[in-house]
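All remarks here apply to the structure that follows.
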Amino acid sequence: MRKDIEQLYHISQKPKRQIIGLMSGTSLDGLDIALCEISGCGTNTQVTLKHFKTVDYPDEVKSKIRTVFSKPQVSLEYLTLLNPWIGKYHGQLINQALKAWQVNPKDIDAIASHGQTIYHCPQYQHDFENFGNATLQIGDGDHLAVETGIVTLSDFRQKHIAAGGEGAPLAQFGDYFCFSSNSEHRVLLNLGGIANITYLPKAGSFDDMLCSDLGPGNTIMDAYMQKHFDQAFDSDGAISSKGCVNQALLSKLLDNDFVGLELPKSTGPEVFNLDYLQTAQEGSNTTYLKHEDVMATLCELSALLIAEQLNYLSESKKLNVYASGGGVHNPILMQKIQGLVSTDIVIENSNKIDLDPDAKEAILFAVLANECLVGKSTEFGVSMGKMSFPN
């Protein structure tokens with residue numbers, strides 16, 4: 001038996017595994033690193049978050065990624081060079097984190113690397129008849145494994161597409177395994193660059209749940225802040241709180257093919273971006289708006305698309321919503337969502353269920369890696385992730 005295969009066998013036999021989950025989302029703000037202790041698998045999965053940190057990307061790194069991010073045409077040479085560079089860079093950040101936490105890399109069983117999404121393209125979004133759903137994440141797993149000396153699982157989204165999905169969102173598996181409830185109807189709401197939900201009906205089966213993107217979370221607001229205010233995001237909703245919602249612009253923003261699609265569905269900054277906003281402003285004759293009014297309208301757009309689906313899922317029954325992601329730190333967005341939902345819906349920070357709102361997605365990829373390593377059932381079809389060995 002090969003040494004690497006024997007190592008995987010020993011990892012699978014452990015009562016608990018130490019797995020690092022990585023997440024770098026469409027906001028491009030940095031790398032989330034979550035060191036998780038995981039036991040069991042499937043619905044018996046138990047996760048303890050041992051350490052967590054977000055490493056902010058310096059401007060140089062953001063610039064490198066934005067050179068190829070969400071663009072239909074890029075330099076193939078540059079993309080080829082950036083793919084291994086991101087993998088090695090993420091490995092360096094892990095090494096630094098482990099040193100700061102005083103954790104021996106030899107005690108880590110595996111790394112679960114989401115990679116950096118640079119283009120997401122479900123079938124409804126493109127005009128190529130002979131192609132289906134597609135997505136692309138960079139940050140090569142082999143380079144990450146060699147840099148850290150740790151077995152690495154990466155490129156999780158491709159199996160979801162190969163099995164007939166859109167490659168996003170993948171939160172449904174970890175959400176169901178770890179956060180299902182026998183006592184309440186739950187929604188796990190993630191307010192990242194794109195907003196998505198996992199609906200977990202009380203005492204429901206895996207087939208009863210629903211997981212879908214809803215539309216923009218922070219992505220257009222962040223891009224607008226970066227362009228017009230030289231700020232990464234609207235801190236505490238300070239800019240949007242000074243503006244007024246423009247109904248003509250809002251109506252035009254809602255006139256979008258994605259909005260009319262049935263759930264489940266997926267999307268990204270390839271659709272919801274500043275070009276989309278510019279087209280909507282020109283179509284609604286609102287190019288004269290103050291920046292604060294544009295931000296208020298974008299915030300309303302995100303809140304409205306989220307609230308509409310929450311109201312639909314509620315259907316006059318109590319719904320407990322637990323929010324995570326960067327958007328939970330925007331009080332204006334949170335207030336708008338709460339103000340648009342019915343009184344049967346209670347929205348709280350995911351801390352309420354012992355889930356760090358900033359670490360959630362990194363944790364969920366660690367859970368996916370654990371399932372790939374030790375999952376005993378194919379019932380959920382979650383054998384995702386490609387294996388990279390350090391030697």
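Residues in the structure tokens are named by chain (A, B, ... in the order shown) and by number from 1 within that chain; ligands are numbered from 1 in the order shown.
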
TODO: Do a neighbour search on Val341 of chain A at 12 Å with only C-alpha atoms, toss out local chain neighbours closer than 6 positions, and write the hits as a PyMOL selection string.
DONE: chain A and resi 303-316+318-321+334-335+347

Writer output for current selection, C-alpha atoms, as a PDB file, in the first residue's frame:
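Full text of again_21.pdb as output:
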ATOM      1  CA  ALA A 303     -32.858  43.153   1.580  1.00  0.00           C
ATOM      2  CA  LEU A 304     -35.922  42.837  -0.655  1.00  0.00           C
ATOM      3  CA  LEU A 305     -34.724  39.745  -2.522  1.00  0.00           C
ATOM      4  CA  ILE A 306     -33.849  38.065   0.769  1.00  0.00           C
ATOM      5  CA  ALA A 307     -37.071  39.051   2.558  1.00  0.00           C
ATOM      6  CA  GLU A 308     -39.310  37.897  -0.297  1.00  0.00           C
ATOM      7  CA  GLN A 309     -37.972  34.355  -0.090  1.00  0.00           C
ATOM      8  CA  LEU A 310     -38.070  34.272   3.708  1.00  0.00           C
ATOM      9  CA  ASN A 311     -41.720  35.332   3.624  1.00  0.00           C
ATOM     10  CA  TYR A 312     -42.465  32.656   1.038  1.00  0.00           C
ATOM     11  CA  LEU A 313     -40.817  29.961   3.165  1.00  0.00           C
ATOM     12  CA  SER A 314     -42.549  31.091   6.323  1.00  0.00           C
ATOM     13  CA  GLU A 315     -46.132  30.630   5.073  1.00  0.00           C
ATOM     14  CA  SER A 316     -47.506  31.849   8.432  1.00  0.00           C
ATOM     15  CA  LYS A 318     -42.617  30.605  12.789  1.00  0.00           C
ATOM     16  CA  LEU A 319     -39.247  30.676  11.083  1.00  0.00           C
ATOM     17  CA  ASN A 320     -35.973  31.084  12.948  1.00  0.00           C
ATOM     18  CA  VAL A 321     -33.347  32.699  10.748  1.00  0.00           C
ATOM     19  CA  MET A 334     -30.095  43.778   8.824  1.00  0.00           C
ATOM     20  CA  GLN A 335     -32.744  46.345   9.808  1.00  0.00           C
ATOM     21  CA  ILE A 347     -33.727  36.947  12.528  1.00  0.00           C
TER      22      ILE A 347
END

Would you please give, as a PDB file with N, CA, C and O atoms, in the first residue's frame, all residues of segment 272-338 of chain A that DSSP assigns to alpha helix (DSSP H) based on the backbone?
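Heads up, here's the output in out_24.pdb:
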ATOM      1  N   LEU A 274     -21.101  46.332 -11.281  1.00  0.00           N
ATOM      2  CA  LEU A 274     -21.291  47.755 -11.569  1.00  0.00           C
ATOM      3  C   LEU A 274     -21.819  47.989 -12.977  1.00  0.00           C
ATOM      4  O   LEU A 274     -22.511  48.996 -13.219  1.00  0.00           O
ATOM      5  N   ASP A 275     -21.523  47.112 -13.917  1.00  0.00           N
ATOM      6  CA  ASP A 275     -22.096  47.247 -15.267  1.00  0.00           C
ATOM      7  C   ASP A 275     -23.608  47.043 -15.214  1.00  0.00           C
ATOM      8  O   ASP A 275     -24.366  47.750 -15.893  1.00  0.00           O
ATOM      9  N   TYR A 276     -24.035  46.069 -14.435  1.00  0.00           N
ATOM     10  CA  TYR A 276     -25.472  45.819 -14.228  1.00  0.00           C
ATOM     11  C   TYR A 276     -26.134  47.050 -13.621  1.00  0.00           C
ATOM     12  O   TYR A 276     -27.230  47.463 -14.042  1.00  0.00           O
ATOM     13  N   LEU A 277     -25.469  47.649 -12.641  1.00  0.00           N
ATOM     14  CA  LEU A 277     -26.000  48.864 -12.023  1.00  0.00           C
ATOM     15  C   LEU A 277     -26.058  50.009 -13.022  1.00  0.00           C
ATOM     16  O   LEU A 277     -27.073  50.725 -13.100  1.00  0.00           O
ATOM     17  N   GLN A 278     -24.992  50.194 -13.797  1.00  0.00           N
ATOM     18  CA  GLN A 278     -24.952  51.285 -14.773  1.00  0.00           C
ATOM     19  C   GLN A 278     -26.066  51.144 -15.807  1.00  0.00           C
ATOM     20  O   GLN A 278     -26.740  52.125 -16.155  1.00  0.00           O
ATOM     21  N   THR A 279     -26.281  49.924 -16.286  1.00  0.00           N
ATOM     22  CA  THR A 279     -27.359  49.677 -17.242  1.00  0.00           C
ATOM     23  C   THR A 279     -28.720  50.014 -16.631  1.00  0.00           C
ATOM     24  O   THR A 279     -29.584  50.601 -17.291  1.00  0.00           O
ATOM     25  N   ALA A 280     -28.913  49.632 -15.362  1.00  0.00           N
ATOM     26  CA  ALA A 280     -30.178  49.921 -14.686  1.00  0.00           C
ATOM     27  C   ALA A 280     -30.374  51.417 -14.481  1.00  0.00           C
ATOM     28  O   ALA A 280     -31.490  51.934 -14.633  1.00  0.00           O
ATOM     29  N   GLN A 281     -29.293  52.129 -14.174  1.00  0.00           N
ATOM     30  CA  GLN A 281     -29.417  53.584 -13.997  1.00  0.00           C
ATOM     31  C   GLN A 281     -29.747  54.273 -15.321  1.00  0.00           C
ATOM     32  O   GLN A 281     -30.592  55.174 -15.368  1.00  0.00           O
ATOM     33  N   GLU A 282     -29.102  53.837 -16.382  1.00  0.00           N
ATOM     34  CA  GLU A 282     -29.389  54.426 -17.687  1.00  0.00           C
ATOM     35  C   GLU A 282     -30.820  54.108 -18.106  1.00  0.00           C
ATOM     36  O   GLU A 282     -31.528  54.968 -18.665  1.00  0.00           O
ATOM     37  N   GLY A 283     -31.278  52.891 -17.834  1.00  0.00           N
ATOM     38  CA  GLY A 283     -32.625  52.492 -18.224  1.00  0.00           C
ATOM     39  C   GLY A 283     -33.714  53.149 -17.403  1.00  0.00           C
ATOM     40  O   GLY A 283     -34.874  53.207 -17.832  1.00  0.00           O
ATOM     41  N   HIS A 291     -24.505  59.489  -4.633  1.00  0.00           N
ATOM     42  CA  HIS A 291     -23.946  58.186  -4.284  1.00  0.00           C
ATOM     43  C   HIS A 291     -24.678  57.565  -3.097  1.00  0.00           C
ATOM     44  O   HIS A 291     -24.890  56.347  -3.045  1.00  0.00           O
ATOM     45  N   GLU A 292     -25.063  58.381  -2.141  1.00  0.00           N
ATOM     46  CA  GLU A 292     -25.767  57.866  -0.963  1.00  0.00           C
ATOM     47  C   GLU A 292     -27.107  57.250  -1.348  1.00  0.00           C
ATOM     48  O   GLU A 292     -27.517  56.225  -0.778  1.00  0.00           O
ATOM     49  N   ASP A 293     -27.791  57.846  -2.316  1.00  0.00           N
ATOM     50  CA  ASP A 293     -29.081  57.308  -2.760  1.00  0.00           C
ATOM     51  C   ASP A 293     -28.895  55.992  -3.513  1.00  0.00           C
ATOM     52  O   ASP A 293     -29.719  55.077  -3.397  1.00  0.00           O
ATOM     53  N   VAL A 294     -27.831  55.912  -4.294  1.00  0.00           N
ATOM     54  CA  VAL A 294     -27.540  54.646  -4.988  1.00  0.00           C
ATOM     55  C   VAL A 294     -27.271  53.545  -3.970  1.00  0.00           C
ATOM     56  O   VAL A 294     -27.805  52.429  -4.078  1.00  0.00           O
ATOM     57  N   MET A 295     -26.461  53.858  -2.955  1.00  0.00           N
ATOM     58  CA  MET A 295     -26.149  52.853  -1.934  1.00  0.00           C
ATOM     59  C   MET A 295     -27.405  52.434  -1.174  1.00  0.00           C
ATOM     60  O   MET A 295     -27.594  51.248  -0.865  1.00  0.00           O
ATOM     61  N   ALA A 296     -28.271  53.379  -0.849  1.00  0.00           N
ATOM     62  CA  ALA A 296     -29.517  53.040  -0.163  1.00  0.00           C
ATOM     63  C   ALA A 296     -30.371  52.115  -1.009  1.00  0.00           C
ATOM     64  O   ALA A 296     -30.997  51.167  -0.503  1.00  0.00           O
ATOM     65  N   THR A 297     -30.387  52.354  -2.319  1.00  0.00           N
ATOM     66  CA  THR A 297     -31.185  51.532  -3.231  1.00  0.00           C
ATOM     67  C   THR A 297     -30.586  50.137  -3.384  1.00  0.00           C
ATOM     68  O   THR A 297     -31.318  49.136  -3.429  1.00  0.00           O
ATOM     69  N   LEU A 298     -29.267  50.048  -3.444  1.00  0.00           N
ATOM     70  CA  LEU A 298     -28.608  48.742  -3.537  1.00  0.00           C
ATOM     71  C   LEU A 298     -28.843  47.926  -2.270  1.00  0.00           C
ATOM     72  O   LEU A 298     -29.059  46.706  -2.331  1.00  0.00           O
ATOM     73  N   CYS A 299     -28.812  48.597  -1.133  1.00  0.00           N
ATOM     74  CA  CYS A 299     -29.075  47.919   0.133  1.00  0.00           C
ATOM     75  C   CYS A 299     -30.517  47.411   0.166  1.00  0.00           C
ATOM     76  O   CYS A 299     -30.791  46.289   0.614  1.00  0.00           O
ATOM     77  N   GLU A 300     -31.436  48.226  -0.332  1.00  0.00           N
ATOM     78  CA  GLU A 300     -32.849  47.833  -0.404  1.00  0.00           C
ATOM     79  C   GLU A 300     -33.028  46.632  -1.333  1.00  0.00           C
ATOM     80  O   GLU A 300     -33.821  45.712  -1.043  1.00  0.00           O
ATOM     81  N   LEU A 301     -32.305  46.619  -2.435  1.00  0.00           N
ATOM     82  CA  LEU A 301     -32.380  45.498  -3.378  1.00  0.00           C
ATOM     83  C   LEU A 301     -31.997  44.193  -2.699  1.00  0.00           C
ATOM     84  O   LEU A 301     -32.723  43.188  -2.796  1.00  0.00           O
ATOM     85  N   SER A 302     -30.857  44.185  -2.010  1.00  0.00           N
ATOM     86  CA  SER A 302     -30.413  42.976  -1.321  1.00  0.00           C
ATOM     87  C   SER A 302     -31.430  42.532  -0.288  1.00  0.00           C
ATOM     88  O   SER A 302     -31.807  41.352  -0.221  1.00  0.00           O
ATOM     89  N   ALA A 303     -31.906  43.477   0.517  1.00  0.00           N
ATOM     90  CA  ALA A 303     -32.858  43.153   1.580  1.00  0.00           C
ATOM     91  C   ALA A 303     -34.169  42.625   1.008  1.00  0.00           C
ATOM     92  O   ALA A 303     -34.754  41.663   1.534  1.00  0.00           O
ATOM     93  N   LEU A 304     -34.645  43.223  -0.063  1.00  0.00           N
ATOM     94  CA  LEU A 304     -35.922  42.837  -0.655  1.00  0.00           C
ATOM     95  C   LEU A 304     -35.883  41.424  -1.214  1.00  0.00           C
ATOM     96  O   LEU A 304     -36.801  40.616  -0.986  1.00  0.00           O
ATOM     97  N   LEU A 305     -34.825  41.080  -1.939  1.00  0.00           N
ATOM     98  CA  LEU A 305     -34.724  39.745  -2.522  1.00  0.00           C
ATOM     99  C   LEU A 305     -34.626  38.674  -1.442  1.00  0.00           C
ATOM    100  O   LEU A 305     -35.161  37.563  -1.596  1.00  0.00           O
ATOM    101  N   ILE A 306     -33.948  39.003  -0.351  1.00  0.00           N
ATOM    102  CA  ILE A 306     -33.849  38.065   0.769  1.00  0.00           C
ATOM    103  C   ILE A 306     -35.196  37.925   1.474  1.00  0.00           C
ATOM    104  O   ILE A 306     -35.681  36.816   1.724  1.00  0.00           O
ATOM    105  N   ALA A 307     -35.821  39.061   1.796  1.00  0.00           N
ATOM    106  CA  ALA A 307     -37.071  39.051   2.558  1.00  0.00           C
ATOM    107  C   ALA A 307     -38.195  38.348   1.799  1.00  0.00           C
ATOM    108  O   ALA A 307     -39.016  37.636   2.405  1.00  0.00           O
ATOM    109  N   GLU A 308     -38.255  38.533   0.493  1.00  0.00           N
ATOM    110  CA  GLU A 308     -39.310  37.897  -0.297  1.00  0.00           C
ATOM    111  C   GLU A 308     -39.269  36.380  -0.154  1.00  0.00           C
ATOM    112  O   GLU A 308     -40.308  35.726  -0.001  1.00  0.00           O
ATOM    113  N   GLN A 309     -38.083  35.810  -0.194  1.00  0.00           N
ATOM    114  CA  GLN A 309     -37.972  34.355  -0.090  1.00  0.00           C
ATOM    115  C   GLN A 309     -38.229  33.872   1.333  1.00  0.00           C
ATOM    116  O   GLN A 309     -38.809  32.812   1.543  1.00  0.00           O
ATOM    117  N   LEU A 310     -37.796  34.651   2.323  1.00  0.00           N
ATOM    118  CA  LEU A 310     -38.070  34.272   3.708  1.00  0.00           C
ATOM    119  C   LEU A 310     -39.579  34.276   3.969  1.00  0.00           C
ATOM    120  O   LEU A 310     -40.104  33.374   4.629  1.00  0.00           O
ATOM    121  N   ASN A 311     -40.266  35.270   3.451  1.00  0.00           N
ATOM    122  CA  ASN A 311     -41.720  35.332   3.624  1.00  0.00           C
ATOM    123  C   ASN A 311     -42.402  34.155   2.935  1.00  0.00           C
ATOM    124  O   ASN A 311     -43.366  33.580   3.456  1.00  0.00           O
ATOM    125  N   TYR A 312     -41.896  33.788   1.771  1.00  0.00           N
ATOM    126  CA  TYR A 312     -42.465  32.656   1.038  1.00  0.00           C
ATOM    127  C   TYR A 312     -42.272  31.355   1.823  1.00  0.00           C
ATOM    128  O   TYR A 312     -43.186  30.516   1.916  1.00  0.00           O
ATOM    129  N   LEU A 313     -41.092  31.180   2.413  1.00  0.00           N
ATOM    130  CA  LEU A 313     -40.817  29.961   3.165  1.00  0.00           C
ATOM    131  C   LEU A 313     -41.600  29.901   4.469  1.00  0.00           C
ATOM    132  O   LEU A 313     -41.942  28.823   4.949  1.00  0.00           O
ATOM    133  N   SER A 314     -41.862  31.052   5.033  1.00  0.00           N
ATOM    134  CA  SER A 314     -42.549  31.091   6.323  1.00  0.00           C
ATOM    135  C   SER A 314     -43.969  30.565   6.220  1.00  0.00           C
ATOM    136  O   SER A 314     -44.389  29.714   7.008  1.00  0.00           O
ATOM    137  N   PRO A 331     -25.631  47.063  10.036  1.00  0.00           N
ATOM    138  CA  PRO A 331     -26.904  47.166  10.745  1.00  0.00           C
ATOM    139  C   PRO A 331     -28.047  47.672   9.871  1.00  0.00           C
ATOM    140  O   PRO A 331     -29.212  47.328  10.102  1.00  0.00           O
ATOM    141  N   ILE A 332     -27.737  48.476   8.848  1.00  0.00           N
ATOM    142  CA  ILE A 332     -28.787  48.992   7.973  1.00  0.00           C
ATOM    143  C   ILE A 332     -29.380  47.863   7.141  1.00  0.00           C
ATOM    144  O   ILE A 332     -30.604  47.736   7.000  1.00  0.00           O
ATOM    145  N   LEU A 333     -28.538  47.000   6.590  1.00  0.00           N
ATOM    146  CA  LEU A 333     -29.016  45.848   5.827  1.00  0.00           C
ATOM    147  C   LEU A 333     -29.851  44.934   6.716  1.00  0.00           C
ATOM    148  O   LEU A 333     -30.938  44.484   6.316  1.00  0.00           O
ATOM    149  N   MET A 334     -29.362  44.661   7.919  1.00  0.00           N
ATOM    150  CA  MET A 334     -30.095  43.778   8.824  1.00  0.00           C
ATOM    151  C   MET A 334     -31.454  44.374   9.205  1.00  0.00           C
ATOM    152  O   MET A 334     -32.465  43.671   9.249  1.00  0.00           O
ATOM    153  N   GLN A 335     -31.480  45.683   9.456  1.00  0.00           N
ATOM    154  CA  GLN A 335     -32.744  46.345   9.808  1.00  0.00           C
ATOM    155  C   GLN A 335     -33.728  46.307   8.646  1.00  0.00           C
ATOM    156  O   GLN A 335     -34.937  46.109   8.837  1.00  0.00           O
ATOM    157  N   LYS A 336     -33.224  46.505   7.432  1.00  0.00           N
ATOM    158  CA  LYS A 336     -34.091  46.475   6.261  1.00  0.00           C
ATOM    159  C   LYS A 336     -34.712  45.092   6.078  1.00  0.00           C
ATOM    160  O   LYS A 336     -35.916  44.956   5.790  1.00  0.00           O
ATOM    161  N   ILE A 337     -33.908  44.044   6.222  1.00  0.00           N
ATOM    162  CA  ILE A 337     -34.439  42.684   6.077  1.00  0.00           C
ATOM    163  C   ILE A 337     -35.518  42.427   7.126  1.00  0.00           C
ATOM    164  O   ILE A 337     -36.606  41.953   6.812  1.00  0.00           O
ATOM    165  N   GLN A 338     -35.220  42.749   8.383  1.00  0.00           N
ATOM    166  CA  GLN A 338     -36.181  42.518   9.454  1.00  0.00           C
ATOM    167  C   GLN A 338     -37.466  43.298   9.228  1.00  0.00           C
ATOM    168  O   GLN A 338     -38.566  42.812   9.497  1.00  0.00           O
TER     169      GLN A 338
END

Open item on the list: Taking 6 positions as the minimum chain separation for residues in the same chain, which residues sit within 8 Å of segment 255-267 of chain A when counting only C-alpha atoms? Answer as a PyMOL selection string.
Closed with: chain A and resi 120-122+166+168-169+194+210-215

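The two atoms in question, atom CA of Asp56 of chain A and atom CA of Gln137 of chain A, are spaced 19.0 Å apart.
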
TODO: Write down as a ChimeraX atom specification the residues belonging to segment 94-306 of chain A that are assigned strand (DSSP E) by DSSP computed on the backbone.
DONE: /A:110-121,134-138,152-154,186-191,194-200,210-216
